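Heads up, upload.csv below (CSV, C-alpha atoms):
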```
chain,number,residue,atom,x,y,z
A,120,GLN,CA,-9.8,232.9,97.7
A,121,SER,CA,-11.3,229.7,99.0
A,122,ALA,CA,-11.0,226.5,96.8
A,123,LEU,CA,-14.1,225.2,95.0
A,124,THR,CA,-15.8,222.2,96.7
A,125,GLN,CA,-15.6,218.8,95.0
A,126,PRO,CA,-16.4,215.4,96.5
A,127,PRO,CA,-13.1,213.7,97.3
A,128,SER,CA,-14.1,210.5,95.6
A,129,ALA,CA,-16.5,209.0,93.0
A,130,SER,CA,-16.8,205.6,91.4
A,131,GLY,CA,-18.7,203.6,88.8
A,132,SER,CA,-18.5,200.4,86.8
A,133,PRO,CA,-17.4,200.2,83.2
A,134,GLY,CA,-20.1,201.5,80.9
A,135,GLN,CA,-21.9,203.5,83.6
A,136,SER,CA,-22.1,207.2,84.0
A,137,VAL,CA,-20.7,209.3,86.8
A,138,THR,CA,-21.2,213.0,87.6
A,139,ILE,CA,-18.7,215.0,89.6
A,140,SER,CA,-19.9,218.3,91.1
A,141,CYS,CA,-18.0,221.5,91.7
A,142,THR,CA,-19.6,224.0,94.1
A,143,GLY,CA,-18.6,227.6,94.4
A,144,THR,CA,-20.3,231.0,94.9
A,145,SER,CA,-21.9,233.6,92.8
A,146,SER,CA,-18.5,235.4,92.7
A,147,ASP,CA,-16.9,232.5,90.9
A,148,VAL,CA,-18.7,229.5,89.4
A,149,GLY,CA,-22.1,231.1,89.5
A,150,GLY,CA,-21.0,234.3,87.9
A,151,SER,CA,-18.4,232.9,85.5
A,152,SER,CA,-18.5,231.6,81.9
A,153,TYR,CA,-15.0,230.3,82.4
A,154,VAL,CA,-15.3,227.0,84.2
A,155,SER,CA,-13.0,224.3,83.2
A,156,TRP,CA,-12.4,220.6,84.0
A,157,PHE,CA,-9.1,218.8,84.0
A,158,GLN,CA,-8.1,215.1,84.2
A,159,GLN,CA,-4.8,214.1,85.9
A,160,HIS,CA,-3.3,210.6,85.9
A,161,PRO,CA,-0.6,209.8,88.5
A,162,GLY,CA,2.7,211.4,87.7
A,163,LYS,CA,1.3,213.2,84.7
A,164,ALA,CA,0.5,216.8,83.9
A,165,PRO,CA,-3.2,217.8,83.9
A,166,LYS,CA,-5.2,217.5,80.7
A,167,LEU,CA,-8.0,219.9,79.6
A,168,LEU,CA,-11.4,218.1,79.2
A,169,ILE,CA,-13.9,221.0,79.3
A,170,TYR,CA,-13.6,224.8,79.0
A,171,ALA,CA,-16.2,227.6,79.0
A,172,VAL,CA,-18.5,225.4,81.1
A,173,THR,CA,-19.6,223.1,78.2
A,174,ARG,CA,-17.0,223.2,75.4
A,175,ARG,CA,-14.8,220.3,74.6
A,176,PRO,CA,-11.3,220.8,73.0
A,177,SER,CA,-10.6,218.8,69.9
A,178,GLY,CA,-9.5,215.2,70.7
A,179,VAL,CA,-11.5,214.9,73.9
A,180,PRO,CA,-14.2,212.2,73.6
A,181,ASP,CA,-17.8,213.2,73.7
A,182,ARG,CA,-18.2,210.9,76.7
A,183,PHE,CA,-17.1,213.9,78.7
A,184,SER,CA,-19.6,216.7,79.1
A,185,GLY,CA,-19.9,219.8,81.3
A,186,SER,CA,-22.8,221.8,82.7
A,187,LYS,CA,-23.7,224.4,85.3
A,188,SER,CA,-26.6,225.2,87.4
A,189,GLY,CA,-26.4,228.2,89.8
A,190,ASN,CA,-23.2,228.0,91.8
A,191,THR,CA,-22.5,224.3,90.9
A,192,ALA,CA,-20.8,223.1,87.8
A,193,SER,CA,-20.8,219.4,86.9
A,194,LEU,CA,-18.7,217.0,84.8
A,195,THR,CA,-20.4,213.9,83.5
A,196,VAL,CA,-18.4,210.9,82.3
A,197,SER,CA,-20.5,208.5,80.3
A,198,GLY,CA,-19.7,205.0,79.2
A,199,LEU,CA,-16.9,204.7,81.9
A,200,GLN,CA,-13.7,203.1,80.7
A,201,ASP,CA,-10.8,201.8,82.7
A,202,GLU,CA,-8.6,204.6,81.5
A,203,ASP,CA,-11.0,207.2,83.0
A,204,GLU,CA,-9.6,206.3,86.5
A,205,ALA,CA,-7.8,209.5,87.5
A,206,ASP,CA,-8.1,212.7,89.5
A,207,TYR,CA,-10.5,215.3,88.2
A,208,TYR,CA,-10.3,219.1,89.0
A,209,CYS,CA,-12.6,221.9,88.2
A,210,SER,CA,-11.4,225.5,87.8
A,211,SER,CA,-13.2,228.8,87.6
A,212,PHE,CA,-12.3,232.4,87.1
A,213,ALA,CA,-13.4,234.5,90.1
A,214,GLY,CA,-14.2,238.0,88.9
A,215,THR,CA,-11.4,239.2,86.7
A,216,THR,CA,-8.4,238.9,89.0
A,217,SER,CA,-8.1,235.3,90.2
A,218,VAL,CA,-8.6,231.7,89.3
A,219,LEU,CA,-9.8,229.0,91.7
A,220,PHE,CA,-9.3,225.2,91.6
A,221,GLY,CA,-11.4,222.6,93.3
A,222,GLY,CA,-9.8,220.2,95.7
A,223,GLY,CA,-10.0,217.3,93.3
A,224,THR,CA,-12.1,214.1,92.9
A,225,LYS,CA,-10.5,210.7,92.7
A,226,LEU,CA,-12.5,208.7,90.2
A,227,THR,CA,-12.4,204.9,90.6
A,228,VAL,CA,-13.6,202.5,87.9
A,229,LEU,CA,-14.8,199.4,89.7
B,253,GLN,CA,6.6,219.4,68.3
B,254,VAL,CA,4.1,221.5,70.2
B,255,GLN,CA,5.3,221.7,73.9
B,256,LEU,CA,6.1,223.8,76.9
B,257,VAL,CA,9.4,223.0,78.7
B,258,GLU,CA,9.9,224.3,82.3
B,259,SER,CA,13.2,224.8,84.0
B,260,GLY,CA,14.7,226.5,87.0
B,261,GLY,CA,13.4,224.4,89.8
B,262,GLY,CA,15.6,223.1,92.6
B,263,VAL,CA,16.3,223.0,96.3
B,264,VAL,CA,16.5,226.3,98.1
B,265,GLN,CA,16.6,227.6,101.6
B,266,PRO,CA,13.6,229.7,103.0
B,267,GLY,CA,13.9,233.3,102.2
B,268,ARG,CA,15.9,232.8,99.0
B,269,SER,CA,14.8,233.3,95.4
B,270,LEU,CA,14.4,231.2,92.2
B,271,ARG,CA,13.3,232.1,88.7
B,272,LEU,CA,11.3,229.5,86.7
B,273,SER,CA,11.3,229.6,83.0
B,274,CYS,CA,8.8,228.0,80.5
B,275,GLU,CA,9.9,227.9,76.9
B,276,ALA,CA,7.4,227.3,74.1
B,277,PHE,CA,8.0,225.2,71.0
B,278,GLY,CA,6.0,224.5,67.9
B,279,PHE,CA,3.4,227.3,68.1
B,280,THR,CA,3.2,231.1,68.2
B,281,PHE,CA,4.0,232.0,71.9
B,282,SER,CA,2.8,235.6,71.6
B,283,ASP,CA,-0.8,234.6,70.5
B,284,HIS,CA,-1.7,233.3,74.0
B,285,GLY,CA,-2.1,234.0,77.7
B,286,TYR,CA,-0.5,231.8,80.2
B,287,GLN,CA,-0.9,230.5,83.8
B,288,TRP,CA,1.4,229.1,86.4
B,289,VAL,CA,-0.2,226.3,88.5
B,290,ARG,CA,1.5,224.4,91.3
B,291,GLN,CA,0.9,221.1,93.1
B,292,ALA,CA,2.3,220.3,96.5
B,293,PRO,CA,3.3,216.7,97.0
B,294,GLY,CA,0.2,214.5,97.3
B,295,LYS,CA,-2.1,217.6,97.1
B,296,GLY,CA,-4.4,219.2,94.5
B,297,LEU,CA,-3.8,221.9,91.9
B,298,GLU,CA,-3.4,225.5,93.1
B,299,TRP,CA,-3.5,228.5,90.8
B,300,VAL,CA,-0.4,230.8,91.1
B,301,ALA,CA,-0.6,233.5,88.5
B,302,PHE,CA,-1.9,234.4,85.0
B,303,ILE,CA,-0.7,236.8,82.4
B,304,TRP,CA,-2.9,238.1,79.5
B,305,VAL,CA,-2.1,237.5,75.9
B,306,ASP,CA,-0.7,241.0,75.4
B,307,GLY,CA,0.8,241.2,78.8
B,308,SER,CA,-1.5,244.1,79.7
B,309,ARG,CA,-2.9,242.3,82.7
B,310,GLU,CA,-1.4,239.9,85.2
B,311,SER,CA,-2.6,238.6,88.5
B,312,HIS,CA,-1.3,236.5,91.4
B,313,ALA,CA,-2.9,234.3,94.1
B,314,ASP,CA,-3.1,235.9,97.5
B,315,THR,CA,-0.7,233.2,98.8
B,316,VAL,CA,2.1,234.5,96.6
B,317,LYS,CA,1.2,238.1,96.0
B,318,GLY,CA,4.1,240.5,96.7
B,319,ARG,CA,6.6,237.6,96.5
B,320,PHE,CA,6.1,236.1,93.0
B,321,THR,CA,5.9,237.9,89.7
B,322,ILE,CA,4.8,236.4,86.4
B,323,SER,CA,6.2,237.9,83.2
B,324,ARG,CA,6.8,237.0,79.5
B,325,ASP,CA,9.4,237.6,76.8
B,326,ASN,CA,7.7,237.1,73.4
B,327,ALA,CA,11.1,237.5,71.6
B,328,LYS,CA,12.4,234.5,73.5
B,329,ASN,CA,9.1,232.5,73.5
B,330,THR,CA,9.4,232.2,77.2
B,331,LEU,CA,7.2,232.7,80.3
B,332,PHE,CA,8.8,233.4,83.7
B,333,LEU,CA,7.9,233.2,87.4
B,334,GLN,CA,10.2,235.1,89.7
B,335,MET,CA,9.9,233.7,93.2
B,336,ASN,CA,11.3,235.7,96.1
B,337,SER,CA,11.1,235.2,99.8
B,338,LEU,CA,10.4,231.6,99.4
B,339,ARG,CA,8.7,229.7,102.1
B,340,VAL,CA,8.5,226.0,103.1
B,341,GLU,CA,4.9,226.0,101.9
B,342,ASP,CA,5.9,226.9,98.4
B,343,THR,CA,7.3,223.5,97.9
B,344,ALA,CA,5.5,222.0,94.9
B,345,ARG,CA,5.7,221.0,91.3
B,346,TYR,CA,5.2,224.1,89.2
B,347,TYR,CA,3.5,223.8,85.9
B,348,CYS,CA,3.1,226.4,83.1
B,349,ALA,CA,0.1,226.2,80.9
B,350,LYS,CA,-1.1,227.8,77.7
B,351,ASP,CA,-4.5,229.4,77.6
B,352,MET,CA,-6.4,228.7,74.4
B,353,ALA,CA,-9.4,230.7,75.7
B,354,ILE,CA,-10.0,232.3,79.0
B,355,ASN,CA,-9.1,229.5,81.5
B,356,GLY,CA,-8.9,226.9,78.8
B,357,LEU,CA,-5.5,225.5,79.6
B,358,ASP,CA,-5.0,223.2,76.7
B,359,LEU,CA,-1.2,222.7,76.8
B,360,TRP,CA,0.8,222.0,80.0
B,361,GLY,CA,4.5,221.5,80.5
B,362,GLN,CA,5.9,218.6,82.4
B,363,GLY,CA,6.5,220.7,85.5
B,364,THR,CA,9.6,221.6,87.5
B,365,THR,CA,10.0,220.8,91.2
B,366,VAL,CA,10.7,223.5,93.8
B,367,THR,CA,11.7,222.4,97.3
B,368,VAL,CA,12.1,225.0,100.0
B,369,SER,CA,13.9,223.5,103.0
B,370,SER,CA,16.6,224.5,105.5
```
Entire entry expressed as structure tokens:
Amino acid sequence: QSALTQPPSASGSPGQSVTISCTGTSSDVGGSSYVSWFQQHPGKAPKLLIYAVTRRPSGVPDRFSGSKSGNTASLTVSGLQDEDEADYYCSSFAGTTSVLFGGGTKLTVL
Amino acid sequence: QVQLVESGGGVVQPGRSLRLSCEAFGFTFSDHGYQWVRQAPGKGLEWVAFIWVDGSRESHADTVKGRFTISRDNAKNTLFLQMNSLRVEDTARYYCAKDMAINGLDLWGQGTTVTVSS
């Protein structure tokens, strides 16, 4: 059960778009319809941004979008805002018996 | 108010046990599956266990398998994590989370801290 691979950091200026990748294998990301993305501000619990690869829960701005190609899932944040500065984590079901998280990406808004 | 409230954390010596609880408020507890997720100090999220909506399936991470057990009591609207043979590396903040869909953790508790130290 190895963690999914995310870049440790990403950055962008307000108004720009940033994409964070999440790479796994055909046994998890590549073979799963259950890829999620979470946002975590310091000292807070994680917040669900994306589930089922591309779906957004109610209340999450459409600036956040998810996609997947092969064994890599991606989260795109468009129109960056100061409050988007946070840690972002991907997660995927691996088969039917385990869940994997990525190592996390610290997003800095310049 | 829709929320999950964890309790049961604390400081414990290696090899001892703890039971974490996660009580649900403001929604129908029995309609959902749940996960436990932990976060060591300064580290990322780590999946610990999940339990299916009807309790028919549960699974645990390899790092806790055989030591931790997830369970639920729908009558008490409560999720549990029994943690035995605790190790120093189990030190973390433990979160429970409600699953709105498979792996769609849309509601998280505030977390409870477990410190394993001699």
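Near Gln362 in chain B, within 7 Å and counting all atoms listed in the file, sit Ala164 of chain A; Val257, Glu258 and Tyr347 of chain B, not including residues fewer than 4 positions from it in the same chain.
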Return as a tab-separated table (two decimals) with C-alpha atoms, in the frame of the given file the residues belonging to chain A that are within 8 Å of chain B, counting all atoms listed in the file.
```
chain	number	residue	atom	x	y	z
A	120	GLN	CA	-9.80	232.90	97.70
A	153	TYR	CA	-15.00	230.30	82.40
A	154	VAL	CA	-15.30	227.00	84.20
A	155	SER	CA	-13.00	224.30	83.20
A	163	LYS	CA	1.30	213.20	84.70
A	164	ALA	CA	0.50	216.80	83.90
A	165	PRO	CA	-3.20	217.80	83.90
A	166	LYS	CA	-5.20	217.50	80.70
A	167	LEU	CA	-8.00	219.90	79.60
A	169	ILE	CA	-13.90	221.00	79.30
A	170	TYR	CA	-13.60	224.80	79.00
A	171	ALA	CA	-16.20	227.60	79.00
A	176	PRO	CA	-11.30	220.80	73.00
A	208	TYR	CA	-10.30	219.10	89.00
A	210	SER	CA	-11.40	225.50	87.80
A	211	SER	CA	-13.20	228.80	87.60
A	212	PHE	CA	-12.30	232.40	87.10
A	216	THR	CA	-8.40	238.90	89.00
A	217	SER	CA	-8.10	235.30	90.20
A	218	VAL	CA	-8.60	231.70	89.30
A	219	LEU	CA	-9.80	229.00	91.70
A	220	PHE	CA	-9.30	225.20	91.60
A	221	GLY	CA	-11.40	222.60	93.30
A	222	GLY	CA	-9.80	220.20	95.70
A	223	GLY	CA	-10.00	217.30	93.30
```
Range 177-183 of chain A: which residues within 7 Å, counting only C-alpha atoms, same-chain residues fewer than 5 positions away excluded, as a VMD selection string? chain A and resid 168 195 to 198
The selected residues should be written to file as a PDB file, in the frame of the given file (atoms: C-alpha atoms).
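The new file again_0.pdb reads:
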```pdb
ATOM      1  CA  LEU A 168     -11.400 218.100  79.200  1.00  0.00           C
ATOM      2  CA  THR A 195     -20.400 213.900  83.500  1.00  0.00           C
ATOM      3  CA  VAL A 196     -18.400 210.900  82.300  1.00  0.00           C
ATOM      4  CA  SER A 197     -20.500 208.500  80.300  1.00  0.00           C
ATOM      5  CA  GLY A 198     -19.700 205.000  79.200  1.00  0.00           C
TER       6      GLY A 198
END
```
Between CA of Leu123 in chain A and CA of Thr215 in chain A, what is the distance, to one decimal in Å? 16.5 Å
